[in-house]
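Q: You'll find start22.cif just under this line, and it carries mmCIF, N, CA, C and O atoms.
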```cif
data_protein
#
loop_
_atom_site.label_atom_id
_atom_site.label_comp_id
_atom_site.auth_asym_id
_atom_site.auth_seq_id
_atom_site.Cartn_x
_atom_site.Cartn_y
_atom_site.Cartn_z
N MET O 1 -9.04 37.46 -46.51
CA MET O 1 -9.14 36.03 -46.60
C MET O 1 -7.77 35.42 -46.91
O MET O 1 -7.39 34.43 -46.30
N PHE O 2 -7.05 36.01 -47.84
CA PHE O 2 -5.73 35.52 -48.20
C PHE O 2 -4.80 35.56 -47.00
O PHE O 2 -4.08 34.62 -46.71
N ARG O 3 -4.86 36.68 -46.26
CA ARG O 3 -3.99 36.84 -45.09
C ARG O 3 -4.32 35.77 -44.06
O ARG O 3 -3.42 35.18 -43.47
N HIS O 4 -5.59 35.50 -43.84
CA HIS O 4 -6.00 34.48 -42.88
C HIS O 4 -5.46 33.11 -43.30
O HIS O 4 -4.94 32.37 -42.48
N PHE O 5 -5.58 32.79 -44.57
CA PHE O 5 -5.09 31.51 -45.08
C PHE O 5 -3.59 31.38 -44.84
O PHE O 5 -3.12 30.34 -44.39
N MET O 6 -2.83 32.44 -45.12
CA MET O 6 -1.38 32.40 -44.93
C MET O 6 -1.03 32.25 -43.45
O MET O 6 -0.09 31.54 -43.10
N LYS O 7 -1.78 32.92 -42.57
CA LYS O 7 -1.52 32.81 -41.14
C LYS O 7 -1.79 31.39 -40.63
O LYS O 7 -1.07 30.89 -39.79
N VAL O 8 -2.81 30.75 -41.17
CA VAL O 8 -3.12 29.38 -40.78
C VAL O 8 -2.00 28.44 -41.18
O VAL O 8 -1.65 27.52 -40.44
N LEU O 9 -1.41 28.66 -42.34
CA LEU O 9 -0.33 27.80 -42.83
C LEU O 9 1.02 28.06 -42.18
O LEU O 9 1.90 27.21 -42.21
N GLU O 10 1.21 29.22 -41.58
CA GLU O 10 2.53 29.63 -41.06
C GLU O 10 3.14 28.61 -40.09
O GLU O 10 4.30 28.25 -40.25
N PRO O 11 2.42 28.10 -39.08
CA PRO O 11 3.05 27.13 -38.17
C PRO O 11 3.52 25.86 -38.89
O PRO O 11 4.57 25.32 -38.56
N PHE O 12 2.77 25.42 -39.88
CA PHE O 12 3.16 24.22 -40.61
C PHE O 12 4.40 24.48 -41.47
O PHE O 12 5.27 23.64 -41.59
N LYS O 13 4.46 25.67 -42.06
CA LYS O 13 5.62 26.04 -42.88
C LYS O 13 6.88 26.06 -42.02
O LYS O 13 7.90 25.52 -42.40
N ASN O 14 6.78 26.65 -40.83
CA ASN O 14 7.94 26.72 -39.93
C ASN O 14 8.35 25.33 -39.46
O ASN O 14 9.53 25.02 -39.41
N GLN O 15 7.39 24.47 -39.13
CA GLN O 15 7.71 23.12 -38.70
C GLN O 15 8.38 22.34 -39.81
O GLN O 15 9.36 21.64 -39.59
N LEU O 16 7.86 22.46 -41.03
CA LEU O 16 8.43 21.77 -42.17
C LEU O 16 9.85 22.26 -42.43
O LEU O 16 10.75 21.47 -42.67
N SER O 17 10.08 23.57 -42.36
CA SER O 17 11.41 24.12 -42.58
C SER O 17 12.41 23.56 -41.58
O SER O 17 13.52 23.18 -41.92
N ARG O 18 12.01 23.51 -40.32
CA ARG O 18 12.90 22.98 -39.28
C ARG O 18 13.14 21.49 -39.47
O ARG O 18 14.24 21.00 -39.29
N ALA O 19 12.09 20.76 -39.87
CA ALA O 19 12.22 19.32 -40.04
C ALA O 19 13.15 18.99 -41.21
O ALA O 19 13.96 18.08 -41.12
N VAL O 20 13.05 19.74 -42.28
CA VAL O 20 13.85 19.48 -43.47
C VAL O 20 15.27 20.00 -43.32
O VAL O 20 16.23 19.34 -43.68
N ALA O 21 15.41 21.19 -42.75
CA ALA O 21 16.72 21.84 -42.72
C ALA O 21 17.40 21.79 -41.37
O ALA O 21 18.50 22.29 -41.22
N GLY O 22 16.77 21.22 -40.38
CA GLY O 22 17.38 21.21 -39.06
C GLY O 22 17.37 22.60 -38.49
O GLY O 22 16.40 23.33 -38.62
N ASN O 23 18.46 23.00 -37.88
CA ASN O 23 18.56 24.34 -37.30
C ASN O 23 18.93 25.38 -38.33
O ASN O 23 19.07 26.55 -38.01
N GLY O 24 19.12 24.98 -39.54
CA GLY O 24 19.45 25.94 -40.60
C GLY O 24 20.93 25.90 -40.92
O GLY O 24 21.78 25.74 -40.05
N ASN O 25 21.24 26.02 -42.19
CA ASN O 25 22.63 26.08 -42.61
C ASN O 25 22.88 27.46 -43.23
O ASN O 25 21.98 28.30 -43.27
N ALA O 26 24.06 27.70 -43.68
CA ALA O 26 24.40 29.00 -44.24
C ALA O 26 23.53 29.31 -45.45
O ALA O 26 23.12 30.45 -45.67
N PHE O 27 23.22 28.29 -46.25
CA PHE O 27 22.37 28.46 -47.43
C PHE O 27 20.99 28.97 -47.02
O PHE O 27 20.49 29.94 -47.57
N GLN O 28 20.38 28.33 -46.01
CA GLN O 28 19.06 28.73 -45.55
C GLN O 28 19.12 30.10 -44.90
O GLN O 28 18.24 30.93 -45.10
N GLN O 29 20.14 30.38 -44.11
CA GLN O 29 20.26 31.68 -43.46
C GLN O 29 20.41 32.80 -44.48
O GLN O 29 19.89 33.89 -44.29
N ASN O 30 21.10 32.54 -45.60
CA ASN O 30 21.23 33.53 -46.66
C ASN O 30 19.87 33.86 -47.25
O ASN O 30 19.56 35.01 -47.51
N CYS O 31 19.04 32.83 -47.46
CA CYS O 31 17.68 33.06 -47.98
C CYS O 31 16.86 33.88 -47.01
O CYS O 31 16.15 34.79 -47.41
N ILE O 32 16.97 33.56 -45.73
CA ILE O 32 16.22 34.31 -44.73
C ILE O 32 16.66 35.76 -44.73
O ILE O 32 15.84 36.67 -44.69
N SER O 33 17.95 36.01 -44.84
CA SER O 33 18.41 37.40 -44.83
C SER O 33 17.91 38.15 -46.07
O SER O 33 17.59 39.33 -45.98
N LYS O 34 17.83 37.49 -47.21
CA LYS O 34 17.29 38.15 -48.40
C LYS O 34 15.81 38.44 -48.22
O LYS O 34 15.33 39.50 -48.59
N GLU O 35 15.09 37.48 -47.63
CA GLU O 35 13.67 37.69 -47.36
C GLU O 35 13.48 38.86 -46.39
O GLU O 35 12.62 39.70 -46.59
N GLN O 36 14.32 38.91 -45.36
CA GLN O 36 14.24 40.00 -44.39
C GLN O 36 14.58 41.34 -45.05
O GLN O 36 13.93 42.35 -44.76
N LYS O 37 15.57 41.34 -45.92
CA LYS O 37 15.96 42.56 -46.61
C LYS O 37 14.81 43.10 -47.46
O LYS O 37 14.52 44.30 -47.45
N LEU O 38 14.14 42.21 -48.19
CA LEU O 38 13.00 42.62 -49.01
C LEU O 38 11.85 43.12 -48.14
O LEU O 38 11.23 44.14 -48.44
N THR O 39 11.59 42.43 -47.04
CA THR O 39 10.52 42.84 -46.12
C THR O 39 10.80 44.22 -45.56
O THR O 39 9.91 45.08 -45.53
N GLU O 40 12.02 44.47 -45.13
CA GLU O 40 12.37 45.78 -44.56
C GLU O 40 12.28 46.89 -45.61
O GLU O 40 11.81 47.99 -45.31
N ALA O 41 12.69 46.61 -46.83
CA ALA O 41 12.59 47.61 -47.90
C ALA O 41 11.13 47.97 -48.17
O ALA O 41 10.79 49.14 -48.36
N LEU O 42 10.27 46.97 -48.15
CA LEU O 42 8.84 47.22 -48.36
C LEU O 42 8.24 48.03 -47.21
O LEU O 42 7.50 48.99 -47.44
N LYS O 43 8.57 47.65 -45.98
CA LYS O 43 8.04 48.36 -44.82
C LYS O 43 8.50 49.82 -44.78
O LYS O 43 7.76 50.70 -44.36
N LYS O 44 9.72 50.05 -45.25
CA LYS O 44 10.25 51.42 -45.26
C LYS O 44 9.52 52.29 -46.28
O LYS O 44 9.18 53.44 -46.01
N SER O 45 9.26 51.74 -47.46
CA SER O 45 8.64 52.55 -48.52
C SER O 45 7.11 52.56 -48.45
O SER O 45 6.49 53.46 -49.00
N LEU O 46 6.52 51.58 -47.80
CA LEU O 46 5.06 51.50 -47.66
C LEU O 46 4.71 51.37 -46.18
O LEU O 46 4.42 50.26 -45.69
N PRO O 47 4.72 52.47 -45.44
CA PRO O 47 4.51 52.38 -43.99
C PRO O 47 3.11 51.93 -43.59
O PRO O 47 2.89 51.55 -42.45
N GLY O 48 2.17 51.90 -44.52
CA GLY O 48 0.81 51.47 -44.22
C GLY O 48 0.60 49.97 -44.36
O GLY O 48 -0.54 49.50 -44.38
N ILE O 49 1.68 49.20 -44.44
CA ILE O 49 1.56 47.74 -44.57
C ILE O 49 0.94 47.16 -43.30
O ILE O 49 1.40 47.44 -42.19
N THR O 50 -0.09 46.34 -43.50
CA THR O 50 -0.71 45.65 -42.37
C THR O 50 -0.38 44.15 -42.40
O THR O 50 -0.57 43.45 -41.42
N TYR O 51 0.10 43.67 -43.54
CA TYR O 51 0.52 42.27 -43.66
C TYR O 51 1.54 42.19 -44.79
O TYR O 51 1.36 42.79 -45.84
N VAL O 52 2.62 41.45 -44.53
CA VAL O 52 3.61 41.22 -45.58
C VAL O 52 4.20 39.82 -45.40
O VAL O 52 4.47 39.39 -44.28
N SER O 53 4.36 39.13 -46.52
CA SER O 53 4.99 37.82 -46.53
C SER O 53 5.93 37.78 -47.73
O SER O 53 5.53 38.07 -48.85
N VAL O 54 7.19 37.44 -47.48
CA VAL O 54 8.18 37.31 -48.56
C VAL O 54 8.78 35.92 -48.45
O VAL O 54 9.27 35.52 -47.39
N GLU O 55 8.73 35.17 -49.55
CA GLU O 55 9.22 33.80 -49.53
C GLU O 55 10.07 33.52 -50.77
O GLU O 55 9.69 33.86 -51.88
N ASP O 56 11.23 32.91 -50.55
CA ASP O 56 12.09 32.48 -51.64
C ASP O 56 11.46 31.24 -52.26
O ASP O 56 11.30 30.22 -51.61
N ILE O 57 11.06 31.33 -53.52
CA ILE O 57 10.42 30.20 -54.20
C ILE O 57 11.32 29.62 -55.30
O ILE O 57 10.87 28.89 -56.16
N SER O 58 12.60 29.93 -55.21
CA SER O 58 13.54 29.47 -56.23
C SER O 58 14.26 28.19 -55.81
O SER O 58 15.22 27.80 -56.45
N GLY O 59 13.82 27.58 -54.74
CA GLY O 59 14.52 26.39 -54.28
C GLY O 59 15.69 26.74 -53.39
O GLY O 59 16.54 25.91 -53.10
N GLY O 60 15.76 27.98 -52.96
CA GLY O 60 16.78 28.40 -52.02
C GLY O 60 17.92 29.21 -52.59
O GLY O 60 18.78 29.66 -51.86
N CYS O 61 17.94 29.46 -53.89
CA CYS O 61 19.07 30.20 -54.47
C CYS O 61 18.86 31.72 -54.46
O CYS O 61 19.77 32.46 -54.80
N GLY O 62 17.67 32.17 -54.07
CA GLY O 62 17.42 33.61 -53.98
C GLY O 62 17.18 34.29 -55.31
O GLY O 62 17.33 35.50 -55.43
N ALA O 63 16.80 33.51 -56.32
CA ALA O 63 16.59 34.09 -57.65
C ALA O 63 15.15 34.48 -57.91
O ALA O 63 14.87 35.28 -58.79
N MET O 64 14.21 33.91 -57.13
CA MET O 64 12.80 34.22 -57.35
C MET O 64 12.07 34.26 -56.01
O MET O 64 12.26 33.39 -55.17
N PHE O 65 11.24 35.28 -55.85
CA PHE O 65 10.52 35.47 -54.60
C PHE O 65 9.04 35.66 -54.86
O PHE O 65 8.63 36.15 -55.91
N GLU O 66 8.25 35.26 -53.86
CA GLU O 66 6.81 35.52 -53.88
C GLU O 66 6.53 36.49 -52.74
O GLU O 66 6.90 36.24 -51.60
N VAL O 67 5.87 37.60 -53.08
CA VAL O 67 5.59 38.66 -52.12
C VAL O 67 4.09 38.86 -52.04
O VAL O 67 3.43 39.04 -53.06
N SER O 68 3.56 38.81 -50.81
CA SER O 68 2.13 39.07 -50.57
C SER O 68 2.04 40.23 -49.60
O SER O 68 2.68 40.21 -48.54
N ILE O 69 1.25 41.25 -49.97
CA ILE O 69 1.19 42.47 -49.16
C ILE O 69 -0.24 42.98 -49.06
O ILE O 69 -0.96 43.02 -50.06
N GLU O 70 -0.61 43.41 -47.86
CA GLU O 70 -1.81 44.21 -47.65
C GLU O 70 -1.31 45.55 -47.14
O GLU O 70 -0.50 45.60 -46.21
N ALA O 71 -1.78 46.64 -47.74
CA ALA O 71 -1.32 47.96 -47.32
C ALA O 71 -2.40 49.01 -47.53
O ALA O 71 -3.19 48.92 -48.48
N LYS O 72 -2.40 49.99 -46.66
CA LYS O 72 -3.35 51.10 -46.76
C LYS O 72 -3.13 51.89 -48.05
O LYS O 72 -4.06 52.42 -48.63
N GLU O 73 -1.90 51.94 -48.51
CA GLU O 73 -1.57 52.69 -49.73
C GLU O 73 -2.25 52.15 -50.98
O GLU O 73 -2.35 52.84 -51.99
N PHE O 74 -2.72 50.91 -50.93
CA PHE O 74 -3.33 50.29 -52.10
C PHE O 74 -4.81 50.63 -52.27
O PHE O 74 -5.39 50.34 -53.31
N LYS O 75 -5.41 51.23 -51.26
CA LYS O 75 -6.85 51.52 -51.32
C LYS O 75 -7.16 52.42 -52.52
O LYS O 75 -6.54 53.47 -52.71
N GLY O 76 -8.11 52.00 -53.34
CA GLY O 76 -8.55 52.78 -54.49
C GLY O 76 -7.66 52.64 -55.71
O GLY O 76 -7.95 53.24 -56.75
N LEU O 77 -6.58 51.87 -55.62
CA LEU O 77 -5.67 51.70 -56.76
C LEU O 77 -5.97 50.40 -57.50
O LEU O 77 -6.35 49.40 -56.89
N SER O 78 -5.75 50.42 -58.80
CA SER O 78 -5.88 49.19 -59.58
C SER O 78 -4.75 48.24 -59.19
O SER O 78 -3.74 48.66 -58.61
N THR O 79 -4.92 46.98 -59.53
CA THR O 79 -3.89 45.98 -59.23
C THR O 79 -2.56 46.37 -59.88
O THR O 79 -1.50 46.23 -59.27
N VAL O 80 -2.62 46.87 -61.10
CA VAL O 80 -1.39 47.27 -61.80
C VAL O 80 -0.66 48.37 -61.02
O VAL O 80 0.56 48.31 -60.83
N LYS O 81 -1.40 49.36 -60.53
CA LYS O 81 -0.78 50.45 -59.77
C LYS O 81 -0.25 49.95 -58.43
O LYS O 81 0.80 50.41 -57.98
N GLN O 82 -0.94 49.00 -57.82
CA GLN O 82 -0.46 48.42 -56.57
C GLN O 82 0.88 47.71 -56.81
O GLN O 82 1.84 47.88 -56.06
N HIS O 83 0.95 46.94 -57.89
CA HIS O 83 2.17 46.22 -58.21
C HIS O 83 3.30 47.17 -58.57
O HIS O 83 4.46 46.90 -58.25
N ARG O 84 2.98 48.28 -59.22
CA ARG O 84 4.01 49.28 -59.53
C ARG O 84 4.62 49.86 -58.26
O ARG O 84 5.82 50.11 -58.20
N LEU O 85 3.78 50.10 -57.25
CA LEU O 85 4.30 50.59 -55.97
C LEU O 85 5.29 49.58 -55.38
O LEU O 85 6.35 49.96 -54.86
N VAL O 86 4.96 48.31 -55.46
CA VAL O 86 5.83 47.27 -54.92
C VAL O 86 7.13 47.19 -55.72
O VAL O 86 8.22 47.18 -55.14
N THR O 87 7.02 47.14 -57.04
CA THR O 87 8.24 47.02 -57.85
C THR O 87 9.13 48.25 -57.72
O THR O 87 10.36 48.14 -57.73
N GLU O 88 8.53 49.43 -57.57
CA GLU O 88 9.33 50.64 -57.37
C GLU O 88 10.04 50.59 -56.02
O GLU O 88 11.19 51.00 -55.90
N SER O 89 9.37 50.03 -55.02
CA SER O 89 9.96 49.90 -53.68
C SER O 89 11.14 48.94 -53.67
O SER O 89 12.06 49.08 -52.87
N LEU O 90 11.12 47.96 -54.57
CA LEU O 90 12.15 46.92 -54.60
C LEU O 90 13.02 47.00 -55.86
O LEU O 90 13.62 46.00 -56.25
N LYS O 91 13.07 48.16 -56.47
CA LYS O 91 13.74 48.32 -57.77
C LYS O 91 15.16 47.73 -57.80
O LYS O 91 15.49 46.94 -58.67
N SER O 92 16.00 48.10 -56.85
CA SER O 92 17.39 47.61 -56.87
C SER O 92 17.46 46.12 -56.57
O SER O 92 18.29 45.40 -57.15
N GLU O 93 16.59 45.62 -55.69
CA GLU O 93 16.59 44.19 -55.36
C GLU O 93 16.09 43.35 -56.53
O GLU O 93 16.62 42.28 -56.81
N ILE O 94 15.08 43.86 -57.25
CA ILE O 94 14.52 43.13 -58.39
C ILE O 94 15.55 43.00 -59.50
O ILE O 94 15.58 41.98 -60.21
N ALA O 95 16.42 43.96 -59.63
CA ALA O 95 17.45 43.92 -60.68
C ALA O 95 18.36 42.69 -60.52
O ALA O 95 18.92 42.21 -61.50
N GLU O 96 18.46 42.16 -59.31
CA GLU O 96 19.32 41.00 -59.04
C GLU O 96 18.55 39.68 -59.09
O GLU O 96 19.14 38.62 -58.92
N MET O 97 17.24 39.74 -59.31
CA MET O 97 16.40 38.52 -59.28
C MET O 97 16.14 38.00 -60.68
O MET O 97 16.21 38.73 -61.65
N HIS O 98 15.76 36.73 -60.71
CA HIS O 98 15.27 36.13 -61.95
C HIS O 98 13.80 36.49 -62.15
O HIS O 98 13.35 36.72 -63.26
N GLY O 99 13.04 36.51 -61.04
CA GLY O 99 11.62 36.83 -61.14
C GLY O 99 11.01 37.10 -59.78
O GLY O 99 11.61 36.82 -58.75
N ILE O 100 9.80 37.65 -59.82
CA ILE O 100 9.07 37.94 -58.59
C ILE O 100 7.58 37.77 -58.86
O ILE O 100 7.09 38.14 -59.93
N ARG O 101 6.90 37.14 -57.91
CA ARG O 101 5.43 37.03 -57.95
C ARG O 101 4.90 38.01 -56.91
O ARG O 101 5.36 37.99 -55.77
N ILE O 102 3.94 38.80 -57.30
CA ILE O 102 3.41 39.81 -56.39
C ILE O 102 1.91 39.61 -56.23
O ILE O 102 1.18 39.49 -57.22
N HIS O 103 1.48 39.58 -54.96
CA HIS O 103 0.06 39.52 -54.62
C HIS O 103 -0.21 40.71 -53.71
O HIS O 103 0.47 40.87 -52.68
N THR O 104 -1.16 41.56 -54.08
CA THR O 104 -1.45 42.73 -53.28
C THR O 104 -2.95 42.84 -53.01
O THR O 104 -3.76 42.34 -53.78
N SER O 105 -3.26 43.53 -51.93
CA SER O 105 -4.64 43.90 -51.64
C SER O 105 -4.64 45.06 -50.66
O SER O 105 -3.70 45.19 -49.87
N PRO O 106 -5.66 45.90 -50.74
CA PRO O 106 -5.74 47.00 -49.78
C PRO O 106 -6.06 46.45 -48.39
O PRO O 106 -6.69 45.41 -48.26
N SER O 107 -5.60 47.14 -47.35
CA SER O 107 -5.92 46.73 -45.99
C SER O 107 -7.42 46.82 -45.79
O SER O 107 -8.05 47.75 -46.27
N PRO O 108 -8.00 45.85 -45.08
CA PRO O 108 -9.45 45.86 -44.89
C PRO O 108 -9.96 47.14 -44.22
O PRO O 108 -11.01 47.62 -44.55
N ASN O 109 -9.20 47.70 -43.27
CA ASN O 109 -9.63 48.93 -42.59
C ASN O 109 -8.82 50.13 -43.07
O ASN O 109 -8.77 51.12 -42.38
N GLY O 110 -8.16 50.01 -44.22
CA GLY O 110 -7.32 51.12 -44.70
C GLY O 110 -8.11 52.35 -45.06
O GLY O 110 -9.16 52.30 -45.64
N HIS O 111 -7.60 53.50 -44.65
CA HIS O 111 -8.23 54.79 -44.99
C HIS O 111 -7.29 55.61 -45.81
O HIS O 111 -6.15 55.62 -45.71
#
```
Any chance you could put this one into structure tokens?
A:
Amino acid sequence: MFRHFMKVLEPFKNQLSRAVAGNGNAFQQNCISKEQKLTEALKKSLPGITYVSVEDISGGCGAMFEVSIEAKEFKGLSTVKQHRLVTESLKSEIAEMHGIRIHTSPSPNGH
């Protein structure tokens, strides 16, 4: 359900970003590259990811991120253990952040 909600909002988020920032400036591109870096680190350490969303929620300075993940690796794990997998995957990146919000859930068809 969470993934569906995020997918529904995605076109509006992209339109708003383009409307506010135009084609993007160096500041926005830096945020995107940090988001991409975090996404790639997660995909590398958790190959069972079926959905991932990483968003800079610090106003663009890259100090705080919100991460939402669905992964097969989370099946049967408590929320705390799911979050530990994420924080371990992003250990070096988290050291440079002010904070991170993590939302996890097992993949609906995860085995």
Q: Separation of atom CA of Val86 of chain O and atom CA of Glu55 of chain O, in Å?
A: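 Here the two named atoms are 14.9 Å from each other.
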Q: From the set O:Glu93, O:Glu88, O:Asp56, O:Glu70, which residue has the shortest atom-to-atom contact distance to Pro108 of chain O, counting only N, CA, C and O atoms?
A: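 The shortest atom-to-atom distance to Pro108 of chain O comes from O:Glu70.
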Q: Determine the nearest neighbour of Met97 of chain O from the options O:Gln36, O:Ser53, O:Ser45, O:Ser58, counting only C-alpha atoms.
A: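 Smallest separation from Met97 of chain O among the options: O:Ser58.
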Q: Between O:His83, O:Ala71, O:Gly76, O:Ile102, which one has atoms that come closest to Gly48 of chain O, using all atoms listed in the file?
A: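 Smallest separation from Gly48 of chain O among the options: O:Ala71.
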Q: Could you write out, as an mmCIF file with N, CA, C and O atoms, keeping the file's coordinate frame, all the residues of segment 27-93 of chain O that DSSP marks as strand (DSSP E or B)?
A:
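Below is the file that was written, states_12.cif:
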```cif
data_model
loop_
_atom_site.group_PDB
_atom_site.id
_atom_site.type_symbol
_atom_site.label_atom_id
_atom_site.label_comp_id
_atom_site.auth_asym_id
_atom_site.auth_seq_id
_atom_site.Cartn_x
_atom_site.Cartn_y
_atom_site.Cartn_z
ATOM 1 N N ILE O 49 1.680 49.200 -44.440
ATOM 2 C CA ILE O 49 1.560 47.740 -44.570
ATOM 3 C C ILE O 49 0.940 47.160 -43.300
ATOM 4 O O ILE O 49 1.400 47.440 -42.190
ATOM 5 N N THR O 50 -0.090 46.340 -43.500
ATOM 6 C CA THR O 50 -0.710 45.650 -42.370
ATOM 7 C C THR O 50 -0.380 44.150 -42.400
ATOM 8 O O THR O 50 -0.570 43.450 -41.420
ATOM 9 N N TYR O 51 0.100 43.670 -43.540
ATOM 10 C CA TYR O 51 0.520 42.270 -43.660
ATOM 11 C C TYR O 51 1.540 42.190 -44.790
ATOM 12 O O TYR O 51 1.360 42.790 -45.840
ATOM 13 N N VAL O 52 2.620 41.450 -44.530
ATOM 14 C CA VAL O 52 3.610 41.220 -45.580
ATOM 15 C C VAL O 52 4.200 39.820 -45.400
ATOM 16 O O VAL O 52 4.470 39.390 -44.280
ATOM 17 N N SER O 53 4.360 39.130 -46.520
ATOM 18 C CA SER O 53 4.990 37.820 -46.530
ATOM 19 C C SER O 53 5.930 37.780 -47.730
ATOM 20 O O SER O 53 5.530 38.070 -48.850
ATOM 21 N N VAL O 54 7.190 37.440 -47.480
ATOM 22 C CA VAL O 54 8.180 37.310 -48.560
ATOM 23 C C VAL O 54 8.780 35.920 -48.450
ATOM 24 O O VAL O 54 9.270 35.520 -47.390
ATOM 25 N N GLU O 55 8.730 35.170 -49.550
ATOM 26 C CA GLU O 55 9.220 33.800 -49.530
ATOM 27 C C GLU O 55 10.070 33.520 -50.770
ATOM 28 O O GLU O 55 9.690 33.860 -51.880
ATOM 29 N N ASP O 56 11.230 32.910 -50.550
ATOM 30 C CA ASP O 56 12.090 32.480 -51.640
ATOM 31 C C ASP O 56 11.460 31.240 -52.260
ATOM 32 O O ASP O 56 11.300 30.220 -51.610
ATOM 33 N N MET O 64 14.210 33.910 -57.130
ATOM 34 C CA MET O 64 12.800 34.220 -57.350
ATOM 35 C C MET O 64 12.070 34.260 -56.010
ATOM 36 O O MET O 64 12.260 33.390 -55.170
ATOM 37 N N PHE O 65 11.240 35.280 -55.850
ATOM 38 C CA PHE O 65 10.520 35.470 -54.600
ATOM 39 C C PHE O 65 9.040 35.660 -54.860
ATOM 40 O O PHE O 65 8.630 36.150 -55.910
ATOM 41 N N GLU O 66 8.250 35.260 -53.860
ATOM 42 C CA GLU O 66 6.810 35.520 -53.880
ATOM 43 C C GLU O 66 6.530 36.490 -52.740
ATOM 44 O O GLU O 66 6.900 36.240 -51.600
ATOM 45 N N VAL O 67 5.870 37.600 -53.080
ATOM 46 C CA VAL O 67 5.590 38.660 -52.120
ATOM 47 C C VAL O 67 4.090 38.860 -52.040
ATOM 48 O O VAL O 67 3.430 39.040 -53.060
ATOM 49 N N SER O 68 3.560 38.810 -50.810
ATOM 50 C CA SER O 68 2.130 39.070 -50.570
ATOM 51 C C SER O 68 2.040 40.230 -49.600
ATOM 52 O O SER O 68 2.680 40.210 -48.540
ATOM 53 N N ILE O 69 1.250 41.250 -49.970
ATOM 54 C CA ILE O 69 1.190 42.470 -49.160
ATOM 55 C C ILE O 69 -0.240 42.980 -49.060
ATOM 56 O O ILE O 69 -0.960 43.020 -50.060
ATOM 57 N N GLU O 70 -0.610 43.410 -47.860
ATOM 58 C CA GLU O 70 -1.810 44.210 -47.650
ATOM 59 C C GLU O 70 -1.310 45.550 -47.140
ATOM 60 O O GLU O 70 -0.500 45.600 -46.210
ATOM 61 N N ALA O 71 -1.780 46.640 -47.740
ATOM 62 C CA ALA O 71 -1.320 47.960 -47.320
ATOM 63 C C ALA O 71 -2.400 49.010 -47.530
ATOM 64 O O ALA O 71 -3.190 48.920 -48.480
#
```
Q: To one decimal in Å, tell me the separation between atom C of Lys81 of chain O and atom N of Leu42 of chain O.
A: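 We find that atom C of Lys81 of chain O and atom N of Leu42 of chain O lie 15.0 Å from each other.
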Q: Have a look at atom O of Ala41 of chain O and atom N of Leu90 of chain O and let me know their distance in Å, one decimal.
A: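 These two atoms are separated by 6.3 Å.
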Q: Please determine, counting only C-alpha atoms, which residue among O:Gln82, O:Ser89, O:Ile57, O:Phe65 has the shortest atom-to-atom distance to Glu40 of chain O.
A: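 Nearest candidate to Glu40 of chain O out of O:Gln82, O:Ser89, O:Ile57, O:Phe65: O:Ser89.
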Q: If we count only C-alpha atoms, what is near Ser68 of chain O at a cut-off of 9 Å, once residues fewer than 2 positions away on the same chain are taken out, given as a PyMOL selection string?
A: chain O and resi 2-3+51-55+66+70+101-105
